[in-house]
$ cat start-v6.cif   # mmCIF, C-alpha atoms
data_query
#
loop_
_atom_site.label_atom_id
_atom_site.label_comp_id
_atom_site.auth_asym_id
_atom_site.auth_seq_id
_atom_site.Cartn_x
_atom_site.Cartn_y
_atom_site.Cartn_z
CA MET A 926 -153.62 -172.42 -52.55
CA LYS A 927 -150.38 -172.87 -54.44
CA ILE A 928 -147.48 -170.90 -52.94
CA ASN A 929 -145.41 -169.12 -55.53
CA LEU A 930 -141.68 -168.83 -54.73
CA PHE A 931 -141.57 -165.41 -56.37
CA ASN A 932 -144.38 -164.16 -54.11
CA ILE A 933 -142.52 -165.41 -51.03
CA LEU A 934 -139.32 -163.66 -52.08
CA PHE A 935 -141.25 -160.48 -52.85
CA LEU A 936 -142.87 -160.58 -49.40
CA LEU A 937 -139.51 -161.08 -47.70
CA ALA A 938 -137.95 -158.20 -49.63
CA THR A 939 -140.88 -155.96 -48.65
CA LEU A 940 -140.49 -156.84 -44.96
CA ILE A 941 -136.75 -156.12 -45.11
CA LEU A 942 -137.41 -152.75 -46.78
CA LEU A 943 -140.05 -151.80 -44.21
CA ASN A 944 -137.65 -152.75 -41.42
CA ALA A 945 -134.92 -150.60 -42.95
CA CYS A 946 -137.28 -147.64 -43.29
CA LYS A 947 -138.32 -148.05 -39.68
CA PHE A 948 -134.69 -147.99 -38.58
CA GLU A 949 -133.95 -144.92 -40.67
CA THR A 950 -136.78 -142.94 -39.03
CA THR A 951 -135.87 -143.90 -35.45
CA ILE A 952 -135.08 -140.79 -33.43
CA LEU A 953 -131.46 -140.90 -32.19
CA PRO A 954 -130.49 -144.54 -32.85
CA GLU A 955 -127.61 -146.00 -30.79
CA VAL A 956 -124.43 -146.72 -32.76
CA PRO A 957 -120.74 -147.42 -31.97
CA PRO A 958 -118.64 -144.28 -31.33
CA TYR A 959 -116.19 -145.07 -34.17
CA SER A 960 -119.03 -144.92 -36.70
CA GLN A 961 -119.47 -141.22 -35.88
CA GLY A 962 -115.82 -140.22 -35.76
CA MET A 963 -115.28 -140.67 -32.02
CA SER A 964 -112.63 -142.72 -30.26
CA GLN A 965 -113.94 -145.78 -28.40
CA ASN A 966 -110.85 -145.76 -26.22
CA ARG A 967 -111.43 -142.15 -25.16
CA ILE A 968 -115.14 -142.74 -24.60
CA ASP A 969 -114.11 -145.64 -22.35
CA LYS A 970 -112.00 -143.20 -20.33
CA ILE A 971 -115.08 -141.00 -19.83
CA ASP A 972 -116.93 -144.10 -18.66
CA SER A 973 -114.16 -144.89 -16.17
CA MET A 974 -114.08 -141.31 -14.88
CA LEU A 975 -117.83 -141.29 -14.23
CA LEU A 976 -117.72 -144.70 -12.59
CA GLN A 977 -114.87 -143.52 -10.36
CA SER A 978 -116.95 -140.56 -9.19
CA ILE A 979 -119.56 -143.02 -7.93
CA GLU A 980 -117.02 -145.38 -6.34
CA ASP A 981 -115.37 -142.43 -4.58
CA GLU A 982 -118.85 -141.40 -3.36
CA HIS A 983 -118.55 -137.94 -4.87
CA LEU A 984 -121.96 -138.58 -6.42
CA PRO A 985 -124.71 -141.08 -5.54
CA GLY A 986 -125.70 -141.70 -9.17
CA LEU A 987 -125.98 -140.18 -12.62
CA VAL A 988 -126.95 -140.72 -16.24
CA ALA A 989 -124.66 -139.60 -19.06
CA LEU A 990 -125.42 -139.33 -22.77
CA ILE A 991 -123.33 -138.37 -25.78
CA ALA A 992 -124.79 -137.97 -29.27
CA ARG A 993 -123.08 -137.13 -32.54
CA ASN A 994 -124.56 -136.51 -35.97
CA GLY A 995 -128.01 -137.34 -34.63
CA LYS A 996 -126.96 -140.71 -33.23
CA ILE A 997 -126.28 -141.81 -29.65
CA VAL A 998 -122.73 -143.05 -29.15
CA PHE A 999 -122.80 -143.32 -25.35
CA HIS A 1000 -125.70 -143.64 -22.91
CA LYS A 1001 -125.14 -145.12 -19.49
CA ALA A 1002 -126.45 -145.01 -15.91
CA TYR A 1003 -124.38 -145.24 -12.74
CA GLY A 1004 -124.99 -145.68 -9.03
CA GLN A 1005 -128.16 -145.32 -6.99
CA ALA A 1006 -131.39 -143.43 -7.59
CA ASN A 1007 -132.52 -143.11 -3.97
CA ALA A 1008 -131.06 -142.73 -0.48
CA ASP A 1009 -131.16 -146.33 0.71
CA SER A 1010 -129.70 -147.79 -2.51
CA SER A 1011 -132.79 -149.93 -3.08
CA LYS A 1012 -133.26 -148.41 -6.54
CA VAL A 1013 -130.49 -148.63 -9.11
CA MET A 1014 -130.10 -145.70 -11.51
CA ASP A 1015 -131.47 -146.47 -14.97
CA LYS A 1016 -130.87 -144.83 -18.34
CA ASN A 1017 -134.56 -143.91 -18.38
CA SER A 1018 -134.61 -142.45 -14.87
CA ILE A 1019 -136.49 -139.15 -14.62
CA PHE A 1020 -134.80 -136.03 -13.18
CA ARG A 1021 -136.06 -132.61 -12.13
CA ILE A 1022 -134.39 -130.48 -14.80
CA ALA A 1023 -135.25 -127.15 -13.13
CA SER A 1024 -133.68 -124.30 -15.17
CA GLN A 1025 -133.29 -126.54 -18.21
CA THR A 1026 -137.01 -125.77 -18.51
CA LYS A 1027 -136.10 -122.21 -19.55
CA ALA A 1028 -134.90 -123.09 -23.05
CA ILE A 1029 -138.08 -125.07 -23.69
CA THR A 1030 -140.20 -122.10 -22.59
CA ALA A 1031 -138.16 -119.77 -24.80
CA THR A 1032 -138.75 -122.15 -27.70
CA ALA A 1033 -142.50 -122.00 -27.10
CA VAL A 1034 -142.34 -118.20 -27.11
CA MET A 1035 -140.44 -118.14 -30.38
CA MET A 1036 -142.88 -120.57 -32.01
CA LEU A 1037 -145.62 -118.03 -31.36
CA TRP A 1038 -143.33 -115.23 -32.55
CA GLU A 1039 -142.96 -117.10 -35.85
CA GLU A 1040 -146.74 -116.96 -36.17
CA GLY A 1041 -146.70 -113.16 -36.00
CA LYS A 1042 -148.42 -113.00 -32.60
CA PHE A 1043 -146.09 -110.29 -31.24
CA LYS A 1044 -142.76 -108.50 -31.70
CA LEU A 1045 -139.82 -109.24 -29.42
CA ASP A 1046 -139.54 -105.61 -28.42
CA ASP A 1047 -143.21 -105.28 -27.52
CA PRO A 1048 -143.67 -104.20 -23.89
CA ILE A 1049 -144.96 -107.11 -21.82
CA TYR A 1050 -147.73 -104.90 -20.39
CA LYS A 1051 -149.39 -105.04 -23.80
CA TYR A 1052 -150.26 -108.65 -22.93
CA ILE A 1053 -150.08 -108.57 -19.11
CA PRO A 1054 -151.34 -105.07 -18.16
CA GLU A 1055 -150.21 -105.41 -14.54
CA PHE A 1056 -146.61 -104.81 -15.66
CA LYS A 1057 -147.33 -101.30 -16.94
CA GLY A 1058 -145.30 -98.61 -15.19
CA ALA A 1059 -142.11 -100.49 -14.30
CA LYS A 1060 -140.29 -99.19 -11.23
CA ILE A 1061 -136.75 -99.66 -9.92
CA ILE A 1062 -135.86 -100.22 -6.27
CA ASP A 1063 -134.52 -97.10 -4.54
CA THR A 1064 -134.39 -97.57 -0.75
CA PHE A 1065 -135.00 -100.62 1.42
CA ASN A 1066 -135.83 -100.97 5.13
CA ASP A 1067 -134.34 -104.21 6.43
CA ALA A 1068 -136.46 -104.11 9.57
CA ASP A 1069 -139.80 -104.62 7.85
CA SER A 1070 -138.89 -105.22 4.18
CA THR A 1071 -140.59 -102.02 3.04
CA TYR A 1072 -139.03 -100.16 0.14
CA THR A 1073 -139.33 -97.15 -2.09
CA SER A 1074 -138.97 -97.19 -5.86
CA ILE A 1075 -138.55 -94.80 -8.76
CA PRO A 1076 -140.12 -94.95 -12.23
CA SER A 1077 -138.12 -96.75 -14.90
CA PRO A 1078 -137.48 -94.86 -18.15
CA GLN A 1079 -137.81 -98.19 -19.97
CA GLU A 1080 -140.66 -100.72 -19.81
CA ILE A 1081 -139.96 -104.47 -19.75
CA THR A 1082 -140.11 -106.10 -23.19
CA ILE A 1083 -140.46 -109.73 -24.21
CA ARG A 1084 -136.82 -109.69 -25.33
CA HIS A 1085 -135.77 -108.50 -21.86
CA LEU A 1086 -137.64 -111.42 -20.27
CA LEU A 1087 -136.01 -113.95 -22.62
CA THR A 1088 -132.50 -112.62 -21.96
CA HIS A 1089 -132.65 -112.10 -18.17
CA SER A 1090 -132.19 -108.39 -18.66
CA SER A 1091 -135.64 -107.28 -17.42
CA GLY A 1092 -134.44 -106.40 -13.94
CA ILE A 1093 -136.88 -108.87 -12.36
CA GLY A 1094 -135.27 -110.85 -9.54
CA TYR A 1095 -135.39 -114.49 -8.40
CA GLY A 1096 -136.85 -114.26 -4.91
CA VAL A 1097 -135.38 -116.71 -2.45
CA ILE A 1098 -132.42 -117.63 -4.67
CA ASP A 1099 -131.69 -114.03 -5.68
CA GLY A 1100 -128.19 -112.82 -4.94
CA ASP A 1101 -129.61 -109.60 -3.47
CA ILE A 1102 -131.07 -110.20 0.01
CA ARG A 1103 -133.44 -107.26 -0.44
CA PHE A 1104 -135.25 -109.14 -3.16
CA ASN A 1105 -135.32 -112.34 -1.09
CA LYS A 1106 -137.32 -110.45 1.51
CA ILE A 1107 -139.49 -108.41 -0.87
CA TYR A 1108 -140.58 -111.48 -2.86
CA GLN A 1109 -141.25 -113.52 0.27
CA LYS A 1110 -143.37 -110.75 1.81
CA ALA A 1111 -145.35 -110.37 -1.42
CA GLY A 1112 -146.03 -114.11 -1.58
CA VAL A 1113 -144.32 -114.74 -4.91
CA THR A 1114 -143.86 -118.44 -5.63
CA ASP A 1115 -140.34 -118.95 -6.92
CA LEU A 1116 -140.16 -122.63 -7.74
CA PHE A 1117 -141.07 -126.25 -6.98
CA THR A 1118 -144.33 -125.74 -5.14
CA THR A 1119 -147.00 -128.25 -4.16
CA GLU A 1120 -149.36 -125.45 -3.16
CA ASN A 1121 -152.68 -124.72 -4.85
CA ILE A 1122 -151.48 -121.76 -6.93
CA SER A 1123 -151.34 -121.06 -10.65
CA ILE A 1124 -148.49 -119.40 -12.52
CA ARG A 1125 -150.86 -116.53 -13.32
CA GLU A 1126 -151.45 -115.77 -9.64
CA SER A 1127 -147.73 -115.64 -8.91
CA VAL A 1128 -146.89 -113.55 -11.99
CA ILE A 1129 -149.53 -110.94 -11.14
CA LYS A 1130 -147.93 -110.52 -7.70
CA LEU A 1131 -144.51 -110.28 -9.30
CA ALA A 1132 -145.66 -107.56 -11.71
CA LYS A 1133 -146.20 -105.13 -8.85
CA LEU A 1134 -142.69 -105.44 -7.39
CA PRO A 1135 -139.60 -103.28 -8.04
CA LEU A 1136 -136.81 -104.15 -10.47
CA HIS A 1137 -133.09 -104.51 -9.85
CA HIS A 1138 -132.26 -102.05 -12.63
CA ILE A 1139 -133.50 -100.41 -15.82
CA PRO A 1140 -134.63 -103.16 -18.23
CA GLY A 1141 -131.98 -103.98 -20.81
CA GLU A 1142 -129.03 -102.56 -18.86
CA ALA A 1143 -127.67 -105.71 -17.19
CA PHE A 1144 -127.92 -109.51 -17.01
CA THR A 1145 -129.80 -110.47 -13.83
CA TYR A 1146 -130.91 -114.10 -13.62
CA SER A 1147 -134.64 -113.89 -13.09
CA GLU A 1148 -138.14 -115.28 -13.06
CA GLY A 1149 -138.70 -113.81 -16.50
CA LEU A 1150 -139.33 -117.24 -17.99
CA ASP A 1151 -142.13 -117.83 -15.48
CA VAL A 1152 -143.69 -114.61 -16.74
CA LEU A 1153 -143.32 -115.92 -20.28
CA GLY A 1154 -145.00 -119.21 -19.39
CA TYR A 1155 -148.10 -117.22 -18.49
CA PHE A 1156 -147.55 -115.07 -21.60
CA VAL A 1157 -147.70 -118.22 -23.75
CA GLU A 1158 -151.07 -119.04 -22.19
CA ILE A 1159 -152.41 -115.57 -23.04
CA VAL A 1160 -151.12 -115.49 -26.62
CA SER A 1161 -151.92 -119.10 -27.52
CA GLY A 1162 -155.20 -119.40 -25.61
CA MET A 1163 -154.00 -122.74 -24.20
CA PRO A 1164 -152.82 -123.84 -20.75
CA PHE A 1165 -149.02 -123.74 -20.76
CA ASP A 1166 -148.57 -127.45 -20.03
CA LYS A 1167 -150.93 -128.37 -22.85
CA PHE A 1168 -149.16 -126.06 -25.32
CA LEU A 1169 -145.78 -127.65 -24.57
CA LYS A 1170 -147.15 -131.16 -24.87
CA GLU A 1171 -149.03 -130.63 -28.13
CA ARG A 1172 -146.55 -128.33 -29.87
CA ILE A 1173 -143.14 -129.60 -28.63
CA PHE A 1174 -143.18 -132.82 -26.60
CA ASP A 1175 -145.52 -134.93 -28.72
CA PRO A 1176 -143.91 -134.01 -32.09
CA LEU A 1177 -140.42 -134.69 -30.69
CA GLU A 1178 -141.59 -137.89 -28.95
CA MET A 1179 -140.49 -136.51 -25.58
CA GLU A 1180 -142.74 -138.93 -23.73
CA ASP A 1181 -141.06 -138.52 -20.33
CA THR A 1182 -141.07 -134.72 -20.05
CA TRP A 1183 -143.77 -133.33 -17.76
CA PHE A 1184 -144.48 -130.67 -15.17
CA TYR A 1185 -146.21 -133.34 -13.05
CA LEU A 1186 -145.54 -136.99 -13.72
CA PRO A 1187 -148.31 -139.44 -14.63
CA LYS A 1188 -148.84 -142.08 -11.94
CA GLU A 1189 -147.21 -144.80 -14.00
CA LYS A 1190 -143.96 -142.79 -14.30
CA GLU A 1191 -143.60 -141.70 -10.66
CA ASN A 1192 -141.42 -144.69 -9.68
CA ARG A 1193 -138.78 -143.55 -12.18
CA LEU A 1194 -138.23 -140.19 -10.47
CA VAL A 1195 -134.79 -139.90 -8.86
CA GLU A 1196 -134.60 -138.64 -5.29
CA VAL A 1197 -132.77 -135.39 -4.55
CA LEU A 1198 -129.89 -136.42 -2.27
CA GLN A 1199 -127.40 -134.65 -0.04
CA LYS A 1200 -124.31 -135.96 1.71
CA VAL A 1201 -124.41 -135.98 5.51
CA ASP A 1202 -121.54 -137.51 7.50
CA ASP A 1203 -120.33 -139.46 4.46
CA LYS A 1204 -123.78 -140.89 3.83
CA TRP A 1205 -126.26 -140.05 1.08
CA GLU A 1206 -129.60 -138.89 2.50
CA LYS A 1207 -132.82 -137.58 1.01
CA TYR A 1208 -132.72 -133.78 0.83
CA PRO A 1209 -135.27 -132.31 3.26
CA VAL A 1210 -138.16 -130.00 2.45
CA THR A 1211 -136.86 -126.44 2.75
CA PHE A 1212 -138.32 -123.38 1.03
CA TYR A 1213 -139.47 -125.82 -1.65
CA ASP A 1214 -140.72 -129.39 -1.74
CA GLN A 1215 -138.61 -131.60 -4.00
CA ASN A 1216 -141.59 -133.98 -4.34
CA TYR A 1217 -143.53 -131.40 -6.34
CA PRO A 1218 -143.56 -133.45 -9.58
CA ILE A 1219 -145.59 -136.22 -7.90
CA LYS A 1220 -147.67 -134.60 -5.15
CA GLY A 1221 -149.70 -131.54 -4.20
CA ALA A 1222 -152.08 -129.41 -6.25
CA LYS A 1223 -150.10 -129.87 -9.49
CA LYS A 1224 -151.20 -126.49 -10.90
CA PHE A 1225 -147.99 -124.44 -10.99
CA PHE A 1226 -146.54 -124.70 -14.51
CA SER A 1227 -143.24 -122.90 -13.95
CA GLY A 1228 -141.67 -121.83 -17.24
CA GLY A 1229 -138.41 -121.18 -15.45
CA ALA A 1230 -137.92 -124.36 -13.47
CA GLY A 1231 -140.87 -126.75 -13.42
CA LEU A 1232 -140.17 -129.65 -15.79
CA SER A 1233 -138.84 -133.15 -15.17
CA SER A 1234 -137.30 -135.20 -17.97
CA THR A 1235 -134.79 -137.86 -19.04
CA ALA A 1236 -131.38 -137.57 -20.68
CA LEU A 1237 -132.83 -139.05 -23.88
CA ASP A 1238 -135.79 -136.68 -24.04
CA TYR A 1239 -133.65 -133.60 -23.56
CA THR A 1240 -131.25 -134.84 -26.22
CA LYS A 1241 -134.16 -134.93 -28.67
CA PHE A 1242 -134.90 -131.30 -27.86
CA LEU A 1243 -131.27 -130.26 -28.39
CA GLN A 1244 -130.94 -132.32 -31.57
CA MET A 1245 -133.90 -130.40 -32.98
CA TYR A 1246 -131.81 -127.24 -32.55
CA LEU A 1247 -128.73 -128.82 -34.15
CA ASN A 1248 -130.98 -129.81 -37.06
CA ASN A 1249 -132.05 -126.15 -37.51
CA GLY A 1250 -135.48 -126.64 -36.00
CA VAL A 1251 -136.57 -130.06 -37.25
CA LEU A 1252 -136.36 -133.63 -35.94
CA ASN A 1253 -137.66 -136.83 -37.46
CA GLY A 1254 -139.58 -134.88 -40.09
CA LYS A 1255 -141.34 -132.68 -37.51
CA ARG A 1256 -140.51 -128.98 -37.79
CA ILE A 1257 -140.68 -127.07 -34.52
CA LEU A 1258 -138.84 -123.89 -35.54
CA GLY A 1259 -137.75 -122.32 -38.80
CA ARG A 1260 -134.05 -122.37 -39.69
CA THR A 1261 -133.79 -118.58 -39.56
CA THR A 1262 -135.55 -118.52 -36.19
CA VAL A 1263 -132.96 -120.89 -34.74
CA LYS A 1264 -130.28 -118.51 -36.01
CA THR A 1265 -132.03 -115.61 -34.25
CA ILE A 1266 -132.43 -117.56 -31.02
CA LEU A 1267 -128.70 -118.42 -30.88
CA ALA A 1268 -127.52 -114.88 -31.69
CA ASN A 1269 -125.78 -112.64 -29.14
CA GLN A 1270 -128.42 -110.72 -27.19
CA MET A 1271 -126.67 -109.93 -23.92
CA GLU A 1272 -123.12 -110.06 -22.56
CA MET A 1273 -123.46 -112.22 -19.46
CA TRP A 1274 -120.26 -111.12 -17.80
CA LYS A 1275 -117.65 -108.46 -18.35
CA GLN A 1276 -116.74 -107.49 -21.93
CA GLY A 1277 -114.34 -110.00 -23.40
CA GLY A 1278 -115.69 -112.97 -21.41
CA PRO A 1279 -115.98 -116.50 -22.89
CA LYS A 1280 -119.78 -116.51 -23.32
CA PHE A 1281 -122.83 -114.46 -24.21
CA TYR A 1282 -126.53 -115.02 -23.64
CA SER A 1283 -128.88 -115.65 -26.54
CA LEU A 1284 -132.69 -115.79 -26.48
CA ALA A 1285 -132.56 -119.22 -24.82
CA PHE A 1286 -129.02 -120.33 -23.95
CA SER A 1287 -125.57 -119.32 -22.83
CA VAL A 1288 -123.35 -119.51 -25.94
CA ILE A 1289 -119.58 -119.96 -26.33
CA ASN A 1290 -117.87 -117.11 -28.18
CA GLN A 1291 -114.44 -117.08 -29.87
CA ARG A 1292 -112.60 -116.55 -26.60
CA GLY A 1293 -114.46 -119.49 -25.06
CA GLU A 1294 -113.47 -121.73 -27.96
CA ASP A 1295 -109.86 -120.57 -27.74
CA GLU A 1296 -109.70 -121.28 -24.00
CA GLY A 1297 -110.42 -124.93 -24.79
CA GLY A 1298 -112.53 -127.72 -23.36
CA GLN A 1299 -115.87 -125.96 -23.78
CA GLY A 1300 -116.72 -126.61 -27.40
CA SER A 1301 -116.62 -124.74 -30.68
CA LEU A 1302 -117.75 -121.19 -31.32
CA GLY A 1303 -121.55 -121.28 -31.05
CA THR A 1304 -121.83 -124.15 -28.58
CA PHE A 1305 -124.96 -123.55 -26.50
CA GLU A 1306 -125.50 -124.72 -22.94
CA TRP A 1307 -127.17 -124.40 -19.56
CA GLY A 1308 -127.98 -126.50 -16.49
CA GLY A 1309 -130.39 -126.96 -13.62
CA TYR A 1310 -130.69 -126.33 -9.88
CA PHE A 1311 -130.41 -130.02 -9.00
CA ASN A 1312 -127.03 -130.51 -10.71
CA THR A 1313 -127.94 -131.26 -14.32
CA GLN A 1314 -125.91 -129.97 -17.30
CA TYR A 1315 -126.10 -129.97 -21.08
CA PHE A 1316 -124.28 -128.54 -24.09
CA ALA A 1317 -124.65 -128.84 -27.85
CA ASP A 1318 -121.98 -127.96 -30.43
CA PRO A 1319 -123.41 -127.12 -33.88
CA GLU A 1320 -120.01 -127.27 -35.60
CA GLU A 1321 -119.07 -130.72 -34.32
CA GLU A 1322 -122.71 -131.90 -34.27
CA VAL A 1323 -122.24 -133.23 -30.75
CA ILE A 1324 -124.43 -133.20 -27.62
CA GLY A 1325 -123.38 -133.95 -24.05
CA ILE A 1326 -125.79 -134.41 -21.14
CA LEU A 1327 -125.18 -135.22 -17.47
CA MET A 1328 -128.21 -135.87 -15.28
CA LYS A 1329 -127.59 -135.82 -11.53
CA GLN A 1330 -129.88 -135.00 -8.62
CA THR A 1331 -128.07 -133.48 -5.66
CA ARG A 1332 -128.12 -130.43 -3.43
CA GLY A 1333 -125.67 -129.19 -0.84
CA LYS A 1334 -121.90 -129.25 -0.81
CA ILE A 1335 -120.30 -132.17 -2.64
CA GLN A 1336 -117.01 -132.92 -4.43
CA ASP A 1337 -118.36 -133.18 -7.95
CA ASP A 1338 -115.98 -132.41 -10.80
CA THR A 1339 -117.70 -134.61 -13.39
CA SER A 1340 -119.17 -131.66 -15.30
CA TRP A 1341 -115.95 -130.08 -16.53
CA LYS A 1342 -114.16 -133.42 -16.92
CA PHE A 1343 -117.02 -134.91 -18.96
CA ARG A 1344 -117.08 -131.94 -21.31
CA GLN A 1345 -113.33 -131.61 -21.72
CA MET A 1346 -112.88 -135.36 -22.30
CA LEU A 1347 -115.82 -135.53 -24.69
CA PHE A 1348 -114.41 -132.98 -27.11
CA SER A 1349 -111.03 -134.71 -26.92
CA SER A 1350 -112.78 -137.90 -28.10
CA ILE A 1351 -113.61 -136.50 -31.54
CA THR A 1352 -111.26 -138.03 -34.10
CA ASP A 1353 -112.56 -137.14 -37.56
#

$ encode --input "start-v6.cif" --output "structure tokens"
Amino acid sequence: MKINLFNILFLLATLILLNACKFETTILPEVPPYSQGMSQNRIDKIDSMLLQSIEDEHLPGLVALIARNGKIVFHKAYGQANADSSKVMDKNSIFRIASQTKAITATAVMMLWEEGKFKLDDPIYKYIPEFKGAKIIDTFNDADSTYTSIPSPQEITIRHLLTHSSGIGYGVIDGDIRFNKIYQKAGVTDLFTTENISIRESVIKLAKLPLHHIPGEAFTYSEGLDVLGYFVEIVSGMPFDKFLKERIFDPLEMEDTWFYLPKEKENRLVEVLQKVDDKWEKYPVTFYDQNYPIKGAKKFFSGGAGLSSTALDYTKFLQMYLNNGVLNGKRILGRTTVKTILANQMEMWKQGGPKFYSLAFSVINQRGEDEGGQGSLGTFEWGGYFNTQYFADPEEEVIGILMKQTRGKIQDDTSWKFRQMLFSSITD
């Protein structure tokens, strides 16, 4: 067969075009900082600061990621991923993200809201009848953890659960010791369990317990997102883990985000470490088992704290929000829904503070922007129990993520330094 030079050139041009299209559709491609209006020199200083925290043994290891305009400008791993230093931290290491799960659960709730399945101010008992007749704690007997309660004039709504204003507590990590004891006695599972229990079983127990206060009257960090994980199951007719995978993780290509890790991913899980006598050691089993993502019954899909993920996967989730609900051509939320989610729903602290709480995140207000180092007005954020942090600034189109895995007392000041230095690196 005679080879035509024109046909060869046409074939080459087609291959180049296909390659270019492939590059253009890559989620979060890596590019030099200067190409996105960020100073390489200042990014290098962030790199040095993080490296110094490892060399000074303030942290055993971490992964940091910075993205701007939908492109990664910095992504690096430092230090060790386990206690004996036999495993080096990798950019694709998997971390227990704990309370970073909450925003994902809230997103699932709002996806169903978009479909007209419920109203935000519907009482939760409409879907979980056991919550009907909310009661507020009145007296408490420390000797045997018995209590009395009084009827609440307000029932718990879905909005209350999203905004931590329901009055539900947080069991063993609650700031009120009365609720520590009440939840423990009732057998409520707070987090990170390897036991053979479903989220439904725990939520039904929780529904019978007293509240801190009248729903809607205060911000009390709570297990409300666990309740909403079960709510998603009821409204969608799907197991919660399956709903998240099919509706959020698969479309966003979040391949490393799971409640319980597949066998082939278990070796990428970072150990939870503590510092004992100047040595990093594996954190012991306490009221929870930190090995829950890889062992046990693997049935407890905690909407408030159960997921494990990577820095890259969580960046994809946040970038979807910065893109007003869409990423790589896959729409997860409507633009107006994102606006609703990020709106002020609850003052977290005293009036005039630097932040408010939305339907999924803590958000920087004007005072927070003016104080400096935290991001622009509208920057949304949160973190996790095992020392993970994230923030995303819609105005500057920038995302910052620090993944660490520690418990106990340590000298870690990377979180505020990373954030303050990152915003100082923007040059355009």

$ resolve_selection --input "start-v6.cif" --expression "the PyMOL selection byres ((chain A and resi 1086-1091) around 10)" --output "PyMOL selection string"
chain A and resi 1027-1028+1030-1031+1034-1035+1045+1049+1059+1079-1085+1092-1094+1136-1153+1266+1269-1273+1282-1287

$ resolve_selection --input "start-v6.cif" --expression "the PyMOL selection byres ((chain A and resi 1064) around 10)" --output "ChimeraX atom specification"
/A:1061-1063,1065-1067,1071-1075,1103

$ resolve_selection --input "start-v6.cif" --expression "the PyMOL selection byres ((chain A and resi 1221) around 10)" --output "list in words"
Thr1118, Thr1119, Glu1120, Asn1121, Tyr1185, Asp1214, Asn1216, Tyr1217, Pro1218, Ile1219, Lys1220, Ala1222, Lys1223, Lys1224 and Phe1225 of chain A

$ residues_around --input "start-v6.cif" --residues "Met1014 in chain A" --least-positions-apart "2" --cutoff "6 Å" --atoms "only C-alpha atoms" --output "PyMOL selection string"
chain A and resi 1002-1006

$ closest_residue --input "start-v6.cif" --among "A:Lys1255, A:Arg1344, A:Lys1334, A:Lys1190" --to "Thr1304 in chain A" --atoms "all atoms listed in the file"
A:Arg1344

$ atom_distance --input "start-v6.cif" --atom1 "CA of Asp1047 in chain A" --atom2 "CA of Gly1309 in chain A"
28.8 Å

$ atom_distance --input "start-v6.cif" --atom1 "CA of Met1036 in chain A" --atom2 "CA of Ile1173 in chain A"
9.6 Å

$ atom_distance --input "start-v6.cif" --atom1 "CA of Lys1188 in chain A" --atom2 "CA of Gly1231 in chain A"
17.3 Å

$ residues_around --input "start-v6.cif" --residues "range 1105-1116 of chain A" --least-positions-apart "3" --cutoff "8 Å" --atoms "all atoms listed in the file" --output "list in words"
Ser1070, Thr1071, Tyr1095, Gly1096, Val1097, Ile1098, Asp1099, Asp1101, Ile1102, Ser1127, Val1128, Lys1130, Leu1131, Leu1134, Glu1148, Tyr1213, Ser1227, Ala1230 and Gly1231 of chain A

$ closest_residue --input "start-v6.cif" --among "A:Gln1336, A:Thr1211, A:Ser1301, A:Ser1233" --to "Leu1186 in chain A" --atoms "only C-alpha atoms"
A:Ser1233

$ closest_residue --input "start-v6.cif" --among "A:Met974, A:Leu1267, A:Leu1347, A:Met1163" --to "Asn1249 in chain A" --atoms "all atoms listed in the file"
A:Leu1267

$ residues_around --input "start-v6.cif" --residues "Ser978 in chain A" --least-positions-apart "4" --cutoff "12 Å" --atoms "only C-alpha atoms" --output "number ranges by chain"
A: 971-974, 982-987, 1003-1004, 1329, 1335-1340, 1342-1343

$ closest_residue --input "start-v6.cif" --among "A:Gln965, A:Thr1240, A:Thr1235, A:Thr1352" --to "Ile1022 in chain A" --atoms "only C-alpha atoms"
A:Thr1235

$ closest_residue --input "start-v6.cif" --among "A:Gly1154, A:Leu1232, A:Ala1068, A:Pro1176" --to "Arg1256 in chain A" --atoms "all atoms listed in the file"
A:Pro1176

$ closest_residue --input "start-v6.cif" --among "A:Leu1252, A:Leu1247, A:Ile1019, A:Leu1194" --to "Pro1319 in chain A" --atoms "only C-alpha atoms"
A:Leu1247

$ build_atoms --input "start-v6.cif" --residues "range 1260-1264 of chain A" --atoms "N, CA, C and O atoms" --output "CSV table (one decimal), in the frame of the given file"
chain,number,residue,atom,x,y,z
A,1260,ARG,N,-135.5,-122.5,-39.7
A,1260,ARG,CA,-134.0,-122.4,-39.7
A,1260,ARG,C,-133.6,-121.0,-39.3
A,1260,ARG,O,-132.7,-120.8,-38.5
A,1261,THR,N,-134.2,-119.9,-39.9
A,1261,THR,CA,-133.8,-118.6,-39.6
A,1261,THR,C,-134.1,-118.2,-38.1
A,1261,THR,O,-133.5,-117.4,-37.5
A,1262,THR,N,-135.2,-118.8,-37.6
A,1262,THR,CA,-135.6,-118.5,-36.2
A,1262,THR,C,-134.5,-119.1,-35.2
A,1262,THR,O,-134.1,-118.5,-34.3
A,1263,VAL,N,-134.0,-120.3,-35.5
A,1263,VAL,CA,-133.0,-120.9,-34.7
A,1263,VAL,C,-131.7,-120.0,-34.7
A,1263,VAL,O,-131.1,-119.8,-33.7
A,1264,LYS,N,-131.4,-119.4,-35.9
A,1264,LYS,CA,-130.3,-118.5,-36.0
A,1264,LYS,C,-130.5,-117.3,-35.1
A,1264,LYS,O,-129.6,-116.8,-34.4
